[in-house]
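Source file: protein.cif. Holds: mmCIF, N, CA and C atoms and all ligand atoms.
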```
data_query
loop_
_atom_site.label_atom_id
_atom_site.label_comp_id
_atom_site.auth_asym_id
_atom_site.auth_seq_id
_atom_site.Cartn_x
_atom_site.Cartn_y
_atom_site.Cartn_z
N MET A 273 16.81 19.10 -13.64
CA MET A 273 15.35 19.30 -13.61
C MET A 273 15.07 20.69 -13.04
N THR A 274 14.17 21.44 -13.69
CA THR A 274 13.82 22.76 -13.18
C THR A 274 12.49 22.68 -12.44
N ASP A 275 11.39 23.07 -13.14
CA ASP A 275 10.07 22.92 -12.52
C ASP A 275 9.69 21.44 -12.47
N SER A 276 8.86 21.12 -11.49
CA SER A 276 8.37 19.74 -11.45
C SER A 276 7.02 19.66 -10.76
N VAL A 277 6.38 18.51 -10.95
CA VAL A 277 5.17 18.16 -10.21
C VAL A 277 5.53 16.86 -9.50
N PHE A 278 5.17 16.75 -8.22
CA PHE A 278 5.58 15.54 -7.50
C PHE A 278 4.42 14.85 -6.80
N ILE A 279 4.65 13.58 -6.54
CA ILE A 279 3.72 12.74 -5.76
C ILE A 279 4.61 12.11 -4.68
N GLU A 280 4.23 12.30 -3.43
CA GLU A 280 5.08 11.83 -2.33
C GLU A 280 4.31 10.86 -1.45
N GLY A 281 4.92 9.73 -1.15
CA GLY A 281 4.34 8.80 -0.18
C GLY A 281 3.06 8.12 -0.64
N LEU A 282 2.96 7.86 -1.94
CA LEU A 282 1.76 7.18 -2.47
C LEU A 282 1.86 5.68 -2.15
N GLN A 283 1.00 5.22 -1.24
CA GLN A 283 1.06 3.81 -0.82
C GLN A 283 0.09 2.97 -1.65
N ILE A 284 0.62 1.87 -2.20
CA ILE A 284 -0.19 0.97 -3.02
C ILE A 284 0.11 -0.47 -2.61
N ASP A 285 -0.94 -1.24 -2.34
CA ASP A 285 -0.76 -2.66 -2.00
C ASP A 285 -0.72 -3.49 -3.27
N THR A 286 0.23 -4.44 -3.31
CA THR A 286 0.34 -5.29 -4.49
C THR A 286 1.04 -6.61 -4.18
N LEU A 287 1.05 -7.50 -5.17
CA LEU A 287 1.80 -8.75 -5.07
C LEU A 287 3.20 -8.45 -5.60
N ILE A 288 4.22 -8.57 -4.74
CA ILE A 288 5.60 -8.28 -5.13
C ILE A 288 6.55 -9.11 -4.28
N GLY A 289 7.61 -9.63 -4.92
CA GLY A 289 8.61 -10.35 -4.13
C GLY A 289 9.04 -11.64 -4.79
N ILE A 290 10.22 -12.11 -4.37
CA ILE A 290 10.83 -13.28 -5.02
C ILE A 290 10.62 -14.57 -4.25
N TYR A 291 10.17 -14.48 -3.00
CA TYR A 291 10.01 -15.69 -2.18
C TYR A 291 8.59 -16.24 -2.29
N ASP A 292 8.49 -17.57 -2.07
CA ASP A 292 7.18 -18.23 -2.18
C ASP A 292 6.13 -17.56 -1.31
N TRP A 293 6.49 -17.25 -0.05
CA TRP A 293 5.50 -16.66 0.86
C TRP A 293 5.03 -15.29 0.35
N GLU A 294 5.89 -14.62 -0.40
CA GLU A 294 5.49 -13.30 -0.91
C GLU A 294 4.52 -13.39 -2.08
N ARG A 295 4.49 -14.58 -2.73
CA ARG A 295 3.59 -14.75 -3.87
C ARG A 295 2.16 -15.04 -3.43
N ARG A 296 1.98 -15.20 -2.09
CA ARG A 296 0.65 -15.53 -1.56
C ARG A 296 0.00 -14.36 -0.83
N ILE A 297 0.71 -13.23 -0.73
CA ILE A 297 0.17 -12.09 0.02
C ILE A 297 0.29 -10.81 -0.81
N ARG A 298 -0.34 -9.76 -0.31
CA ARG A 298 -0.15 -8.44 -0.89
C ARG A 298 0.62 -7.60 0.12
N GLN A 299 1.55 -6.77 -0.38
CA GLN A 299 2.37 -5.96 0.51
C GLN A 299 2.28 -4.49 0.09
N PRO A 300 2.45 -3.60 1.05
CA PRO A 300 2.42 -2.17 0.70
C PRO A 300 3.75 -1.72 0.08
N LEU A 301 3.64 -0.91 -0.95
CA LEU A 301 4.80 -0.23 -1.53
C LEU A 301 4.53 1.26 -1.44
N VAL A 302 5.59 2.05 -1.39
CA VAL A 302 5.42 3.50 -1.33
C VAL A 302 6.18 4.16 -2.49
N PHE A 303 5.49 5.02 -3.22
CA PHE A 303 6.06 5.68 -4.40
C PHE A 303 6.27 7.17 -4.14
N ASP A 304 7.47 7.64 -4.49
CA ASP A 304 7.75 9.08 -4.56
C ASP A 304 8.16 9.35 -6.00
N VAL A 305 7.43 10.25 -6.65
CA VAL A 305 7.71 10.52 -8.06
C VAL A 305 7.86 12.03 -8.26
N GLU A 306 8.93 12.42 -8.94
CA GLU A 306 9.12 13.82 -9.30
C GLU A 306 9.20 13.90 -10.82
N MET A 307 8.27 14.66 -11.42
CA MET A 307 8.16 14.71 -12.88
C MET A 307 8.46 16.12 -13.39
N GLU A 308 9.38 16.21 -14.33
CA GLU A 308 9.73 17.51 -14.91
C GLU A 308 8.52 18.06 -15.66
N PHE A 309 8.15 19.29 -15.36
CA PHE A 309 7.02 19.92 -16.05
C PHE A 309 7.11 21.42 -15.84
N ASP A 310 6.91 22.16 -16.93
CA ASP A 310 6.96 23.62 -16.85
C ASP A 310 5.63 24.13 -16.27
N ASN A 311 5.67 24.63 -15.07
CA ASN A 311 4.44 25.03 -14.38
C ASN A 311 4.01 26.47 -14.68
N ARG A 312 4.72 27.15 -15.59
CA ARG A 312 4.38 28.56 -15.84
C ARG A 312 3.03 28.72 -16.52
N LYS A 313 2.70 27.79 -17.45
CA LYS A 313 1.42 27.93 -18.16
C LYS A 313 0.24 27.76 -17.21
N PRO A 314 0.14 26.65 -16.45
CA PRO A 314 -0.99 26.55 -15.51
C PRO A 314 -1.02 27.69 -14.49
N ALA A 315 0.14 28.20 -14.14
CA ALA A 315 0.16 29.31 -13.20
C ALA A 315 -0.45 30.56 -13.82
N ALA A 316 -0.29 30.71 -15.15
CA ALA A 316 -0.82 31.89 -15.84
C ALA A 316 -2.32 31.74 -16.11
N THR A 317 -2.76 30.52 -16.42
CA THR A 317 -4.17 30.34 -16.82
C THR A 317 -5.06 29.89 -15.66
N ASP A 318 -4.48 29.33 -14.62
CA ASP A 318 -5.21 28.76 -13.48
C ASP A 318 -6.17 27.66 -13.95
N ALA A 319 -5.76 26.93 -14.99
CA ALA A 319 -6.63 25.90 -15.57
C ALA A 319 -6.02 24.51 -15.35
N ILE A 320 -6.82 23.59 -14.83
CA ILE A 320 -6.34 22.22 -14.58
C ILE A 320 -5.93 21.55 -15.88
N ALA A 321 -6.57 21.94 -16.99
CA ALA A 321 -6.23 21.35 -18.30
C ALA A 321 -4.79 21.65 -18.70
N ASP A 322 -4.22 22.70 -18.16
CA ASP A 322 -2.84 23.06 -18.51
C ASP A 322 -1.81 22.46 -17.57
N THR A 323 -2.26 21.74 -16.57
CA THR A 323 -1.32 21.17 -15.60
C THR A 323 -0.87 19.79 -16.01
N LEU A 324 0.13 19.30 -15.32
CA LEU A 324 0.36 17.87 -15.25
C LEU A 324 -0.42 17.44 -14.00
N ASP A 325 -1.53 16.78 -14.22
CA ASP A 325 -2.51 16.50 -13.15
C ASP A 325 -1.98 15.37 -12.25
N TYR A 326 -1.52 15.73 -11.03
CA TYR A 326 -0.93 14.70 -10.15
C TYR A 326 -1.97 13.67 -9.72
N LYS A 327 -3.25 14.05 -9.70
CA LYS A 327 -4.28 13.07 -9.34
C LYS A 327 -4.44 12.03 -10.45
N ALA A 328 -4.41 12.49 -11.70
CA ALA A 328 -4.53 11.56 -12.83
C ALA A 328 -3.34 10.59 -12.85
N VAL A 329 -2.14 11.10 -12.61
CA VAL A 329 -0.96 10.22 -12.60
C VAL A 329 -1.07 9.22 -11.44
N SER A 330 -1.51 9.70 -10.27
CA SER A 330 -1.63 8.82 -9.10
C SER A 330 -2.64 7.70 -9.37
N LYS A 331 -3.79 8.07 -9.95
CA LYS A 331 -4.82 7.05 -10.23
C LYS A 331 -4.31 5.99 -11.21
N ARG A 332 -3.56 6.44 -12.21
CA ARG A 332 -3.01 5.50 -13.20
C ARG A 332 -2.01 4.55 -12.55
N LEU A 333 -1.15 5.11 -11.66
CA LEU A 333 -0.18 4.27 -10.96
C LEU A 333 -0.89 3.27 -10.06
N ILE A 334 -1.92 3.71 -9.34
CA ILE A 334 -2.66 2.82 -8.45
C ILE A 334 -3.26 1.66 -9.25
N ALA A 335 -3.88 1.97 -10.40
CA ALA A 335 -4.50 0.93 -11.23
C ALA A 335 -3.45 -0.07 -11.72
N TYR A 336 -2.32 0.46 -12.20
CA TYR A 336 -1.29 -0.41 -12.77
C TYR A 336 -0.61 -1.26 -11.70
N VAL A 337 -0.18 -0.60 -10.62
CA VAL A 337 0.61 -1.30 -9.59
C VAL A 337 -0.25 -2.34 -8.87
N SER A 338 -1.51 -1.99 -8.56
CA SER A 338 -2.34 -2.97 -7.82
C SER A 338 -2.57 -4.24 -8.63
N ALA A 339 -2.55 -4.14 -9.95
CA ALA A 339 -2.79 -5.32 -10.79
C ALA A 339 -1.49 -6.05 -11.16
N SER A 340 -0.34 -5.51 -10.79
CA SER A 340 0.94 -6.10 -11.21
C SER A 340 1.35 -7.24 -10.28
N GLU A 341 2.28 -8.08 -10.78
CA GLU A 341 2.71 -9.27 -10.01
C GLU A 341 4.20 -9.52 -10.21
N PHE A 342 5.03 -8.48 -10.20
CA PHE A 342 6.45 -8.65 -10.46
C PHE A 342 7.17 -9.23 -9.26
N GLY A 343 8.38 -9.76 -9.52
CA GLY A 343 9.21 -10.27 -8.44
C GLY A 343 10.04 -9.16 -7.82
N LEU A 344 10.73 -8.41 -8.69
CA LEU A 344 11.68 -7.39 -8.21
C LEU A 344 11.09 -5.99 -8.22
N VAL A 345 11.50 -5.20 -7.25
CA VAL A 345 11.08 -3.79 -7.25
C VAL A 345 11.70 -3.04 -8.43
N GLU A 346 12.87 -3.50 -8.89
CA GLU A 346 13.51 -2.86 -10.04
C GLU A 346 12.59 -2.92 -11.27
N THR A 347 11.99 -4.12 -11.49
CA THR A 347 11.13 -4.29 -12.67
C THR A 347 9.91 -3.39 -12.60
N LEU A 348 9.29 -3.37 -11.43
CA LEU A 348 8.09 -2.54 -11.27
C LEU A 348 8.42 -1.05 -11.42
N ALA A 349 9.53 -0.62 -10.85
CA ALA A 349 9.92 0.79 -10.96
C ALA A 349 10.11 1.18 -12.43
N GLU A 350 10.78 0.30 -13.17
CA GLU A 350 11.05 0.57 -14.59
C GLU A 350 9.75 0.68 -15.39
N ARG A 351 8.83 -0.25 -15.13
CA ARG A 351 7.55 -0.24 -15.86
C ARG A 351 6.74 1.01 -15.52
N CYS A 352 6.77 1.42 -14.27
CA CYS A 352 6.02 2.62 -13.87
C CYS A 352 6.60 3.86 -14.54
N ALA A 353 7.93 3.93 -14.62
CA ALA A 353 8.57 5.07 -15.28
C ALA A 353 8.18 5.10 -16.75
N GLU A 354 8.22 3.94 -17.40
CA GLU A 354 7.86 3.85 -18.83
C GLU A 354 6.42 4.31 -19.06
N LEU A 355 5.55 3.87 -18.16
CA LEU A 355 4.12 4.21 -18.28
C LEU A 355 3.90 5.73 -18.18
N ILE A 356 4.53 6.35 -17.21
CA ILE A 356 4.34 7.81 -17.02
C ILE A 356 4.89 8.57 -18.24
N LEU A 357 6.08 8.17 -18.70
CA LEU A 357 6.69 8.87 -19.84
C LEU A 357 5.87 8.69 -21.11
N ALA A 358 5.20 7.53 -21.24
CA ALA A 358 4.42 7.25 -22.45
C ALA A 358 3.05 7.91 -22.43
N GLU A 359 2.46 8.03 -21.24
CA GLU A 359 1.05 8.44 -21.17
C GLU A 359 0.80 9.88 -20.69
N PHE A 360 1.84 10.53 -20.21
CA PHE A 360 1.67 11.89 -19.69
C PHE A 360 2.74 12.81 -20.30
N PRO A 361 2.48 14.12 -20.32
CA PRO A 361 3.44 15.05 -20.94
C PRO A 361 4.66 15.29 -20.04
N VAL A 362 5.41 14.21 -19.84
CA VAL A 362 6.59 14.24 -18.96
C VAL A 362 7.78 13.76 -19.77
N ALA A 363 8.85 14.55 -19.78
CA ALA A 363 10.03 14.17 -20.56
C ALA A 363 11.10 13.53 -19.68
N ARG A 364 11.00 13.79 -18.37
CA ARG A 364 12.05 13.30 -17.46
C ARG A 364 11.45 13.13 -16.08
N LEU A 365 11.86 12.07 -15.38
CA LEU A 365 11.30 11.87 -14.04
C LEU A 365 12.30 11.15 -13.13
N ARG A 366 12.05 11.33 -11.85
CA ARG A 366 12.75 10.55 -10.83
C ARG A 366 11.70 9.77 -10.07
N LEU A 367 11.98 8.49 -9.83
CA LEU A 367 11.01 7.65 -9.13
C LEU A 367 11.73 6.86 -8.04
N LYS A 368 11.18 6.94 -6.84
CA LYS A 368 11.69 6.15 -5.72
C LYS A 368 10.60 5.17 -5.31
N LEU A 369 10.96 3.89 -5.28
CA LEU A 369 10.00 2.85 -4.89
C LEU A 369 10.52 2.22 -3.60
N SER A 370 9.76 2.35 -2.52
CA SER A 370 10.17 1.81 -1.22
C SER A 370 9.30 0.62 -0.86
N LYS A 371 9.95 -0.38 -0.24
CA LYS A 371 9.25 -1.57 0.24
C LYS A 371 9.43 -1.60 1.76
N PRO A 372 8.48 -1.00 2.48
CA PRO A 372 8.66 -0.88 3.93
C PRO A 372 8.57 -2.24 4.61
N GLY A 373 9.41 -2.46 5.59
CA GLY A 373 9.32 -3.69 6.38
C GLY A 373 9.86 -4.93 5.68
N ALA A 374 10.48 -4.79 4.52
CA ALA A 374 10.99 -5.96 3.79
C ALA A 374 12.24 -6.52 4.46
N VAL A 375 12.98 -5.67 5.12
CA VAL A 375 14.20 -6.11 5.80
C VAL A 375 14.11 -5.71 7.27
N ARG A 376 14.23 -6.71 8.15
CA ARG A 376 14.13 -6.43 9.58
C ARG A 376 15.21 -5.42 9.99
N GLY A 377 14.80 -4.39 10.71
CA GLY A 377 15.76 -3.39 11.17
C GLY A 377 15.84 -2.18 10.26
N ALA A 378 15.30 -2.30 9.05
CA ALA A 378 15.30 -1.16 8.12
C ALA A 378 13.88 -0.62 7.98
N ARG A 379 13.72 0.69 7.98
CA ARG A 379 12.37 1.26 7.79
C ARG A 379 11.84 0.89 6.42
N ALA A 380 12.72 0.97 5.44
CA ALA A 380 12.31 0.62 4.07
C ALA A 380 13.55 0.30 3.25
N VAL A 381 13.35 -0.47 2.19
CA VAL A 381 14.40 -0.71 1.19
C VAL A 381 13.76 -0.44 -0.17
N GLY A 382 14.57 -0.37 -1.21
CA GLY A 382 13.96 -0.13 -2.52
C GLY A 382 14.94 0.42 -3.52
N VAL A 383 14.40 1.10 -4.52
CA VAL A 383 15.23 1.63 -5.61
C VAL A 383 14.84 3.06 -5.95
N ARG A 384 15.81 3.77 -6.49
CA ARG A 384 15.59 5.10 -7.06
C ARG A 384 16.05 5.06 -8.50
N ILE A 385 15.24 5.57 -9.42
CA ILE A 385 15.68 5.63 -10.82
C ILE A 385 15.36 7.01 -11.39
N GLU A 386 16.10 7.38 -12.41
CA GLU A 386 15.85 8.62 -13.14
C GLU A 386 15.80 8.25 -14.61
N ARG A 387 14.71 8.60 -15.29
CA ARG A 387 14.53 8.20 -16.68
C ARG A 387 14.02 9.37 -17.51
N SER A 388 14.38 9.35 -18.81
CA SER A 388 13.83 10.36 -19.70
C SER A 388 13.36 9.68 -20.99
N ARG A 389 12.52 10.42 -21.73
CA ARG A 389 12.02 9.87 -23.00
C ARG A 389 13.18 9.63 -23.95
N ALA A 390 13.08 8.54 -24.69
CA ALA A 390 14.17 8.20 -25.63
C ALA A 390 14.23 9.24 -26.75
N1 LIG A 401 17.58 -5.29 -5.23
C1 LIG A 401 16.59 -6.09 -4.75
N2 LIG A 401 16.85 -6.91 -3.73
C2 LIG A 401 15.87 -7.69 -3.26
C3 LIG A 401 14.57 -7.65 -3.80
C4 LIG A 401 14.32 -6.77 -4.88
O1 LIG A 401 13.21 -6.69 -5.42
N3 LIG A 401 15.35 -6.00 -5.33
N4 LIG A 401 13.59 -8.43 -3.26
C5 LIG A 401 13.81 -9.22 -2.23
C6 LIG A 401 12.70 -9.92 -1.57
O2 LIG A 401 11.53 -9.99 -2.34
C7 LIG A 401 12.50 -9.19 -0.23
O3 LIG A 401 11.89 -7.93 -0.44
C8 LIG A 401 11.75 -9.98 0.79
O4 LIG A 401 11.96 -9.45 2.07
C9 LIG A 401 15.14 -9.39 -1.63
N5 LIG A 401 16.12 -8.52 -2.23
#
```
Once you've parsed the file, please lay out its structure as structure tokens.
Amino acid sequence: MTDSVFIEGLQIDTLIGIYDWERRIRQPLVFDVEMEFDNRKPAATDAIADTLDYKAVSKRLIAYVSASEFGLVETLAERCAELILAEFPVARLRLKLSKPGAVRGARAVGVRIERSRA
């Protein structure tokens, strides 16, 4: 990956988890996303229309994740990666999904994935 646009520490509350008690509550998840994007054009034009708009991507993730009800963080991470690749001009991305407080003694647990358009 060369140039990129990133979103770091995006916290979203949702229904996630495999245990019965987890199906009755909402828990915070934290997303770190790095998306490959050539930033030379927006740098030359200074126009938001030429960027990969990190606010637009964040809003889309918030809408999708808050309405989701998956069991595994793996499933949610995969769906989020698919969504970004399908809806934004991104050919390759890295996504880290953290579930803070899920394991006693650990600050966070979760998954990291790297995906590109087929
Ligand atoms: N690899 C994974 N391991 C576990 C997950 C998961 O989504 N992926 N989920 C759980 C439970 O939901 C846990 O977060 C509750 O504390 C356990 N292991």
Closest atom pairs, residues of range 324-381 of chain A within 8 Å of range 303-314 of chain A, all atoms listed in the file, as a tab-separated table:
```
residue	atom	partner	partner_atom	distance
A:Leu324	N	A:Phe309	CA	7.0
A:Pro361	C	A:Glu308	C	6.5
A:Val362	CA	A:Glu308	C	5.4
A:Ala363	N	A:Glu308	C	5.4
A:Arg364	C	A:Glu308	N	4.1
A:Leu365	CA	A:Glu306	C	4.3
A:Arg366	N	A:Glu306	C	4.0
A:Leu367	CA	A:Val305	CA	4.5
A:Lys368	N	A:Asp304	C	4.0
A:Leu369	CA	A:Phe303	CA	4.9
A:Ser370	N	A:Phe303	N	5.1
A:Lys371	N	A:Phe303	N	7.6
```
Given all atoms listed in the file as the counted atoms, nearest of A:Cys352, A:Ala374, A:Val329, A:Leu301 to ligand LIG 401 (chain A): A:Ala374
Skipping near chain neighbours, those fewer than 2 positions away, what residues fall within 7 Å of Arg298 in chain A using only N, CA and C atoms, listed as a PyMOL selection string? chain A and resi 285-288+294-296+300
What residues have any atom no more than 8 Å from ligand LIG 401 (chain A) when counting only N, CA and C atoms and all ligand atoms, and can you list them as a PyMOL selection string? chain A and resi 288-291+294+342-348+371+373-376+381-383
Between atom C of Leu333 in chain A and CA of Ala380 in chain A, what is the distance, to one decimal in Å? 19.5 Å
Using DSSP on the backbone coordinates, identify all residues within range 328-369 of chain A classified as strand (DSSP E); present the result as a short mmCIF file (atom, residue, chain, number, x, y, z; two decimals) with N, CA and C atoms, keeping the file's coordinate frame.
```cif
data_model
loop_
_atom_site.label_atom_id
_atom_site.label_comp_id
_atom_site.auth_asym_id
_atom_site.auth_seq_id
_atom_site.Cartn_x
_atom_site.Cartn_y
_atom_site.Cartn_z
N ARG A 364 11.00 13.79 -18.37
CA ARG A 364 12.05 13.30 -17.46
C ARG A 364 11.45 13.13 -16.08
N LEU A 365 11.86 12.07 -15.38
CA LEU A 365 11.30 11.87 -14.04
C LEU A 365 12.30 11.15 -13.13
N ARG A 366 12.05 11.33 -11.85
CA ARG A 366 12.75 10.55 -10.83
C ARG A 366 11.70 9.77 -10.07
N LEU A 367 11.98 8.49 -9.83
CA LEU A 367 11.01 7.65 -9.13
C LEU A 367 11.73 6.86 -8.04
N LYS A 368 11.18 6.94 -6.84
CA LYS A 368 11.69 6.15 -5.72
C LYS A 368 10.60 5.17 -5.31
N LEU A 369 10.96 3.89 -5.28
CA LEU A 369 10.00 2.85 -4.89
C LEU A 369 10.52 2.22 -3.60
#
```
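Shortest separation to Phe360 in chain A among A:Asp318, A:Glu280, A:Asp275, A:Asp325 occurs at residue A:Asp325, atoms counted being only C-alpha atoms.
Using only C-alpha atoms, the smallest distance between any of A:Ala349, A:Ala378, A:Leu357, A:Ile284 and Val302 in chain A comes from A:Ile284.
One distance worth recording is that between atom C of Phe278 in chain A and CA of Tyr326 in chain A, which is 6.3 Å.
Going from atom C of Ile320 in chain A to CA of Thr274 in chain A covers 20.0 Å.
The nearest approach to Arg387 in chain A among the residues A:Val277, A:Val337, A:Pro372, A:Ala353, with only N, CA and C atoms taken into account, belongs to A:Ala353.
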I need the residues in chain A that are helix (DSSP H, G or I) according to DSSP; give them as a VMD selection string. chain A and resid 292 to 296 312 to 317 320 to 322 326 to 339 345 to 359
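Using only C-alpha atoms for every distance, the candidate list A:Thr317, A:Ile356, A:Gln299, A:Ser388 yields A:Gln299 as the residue closest to Ser340 in chain A.
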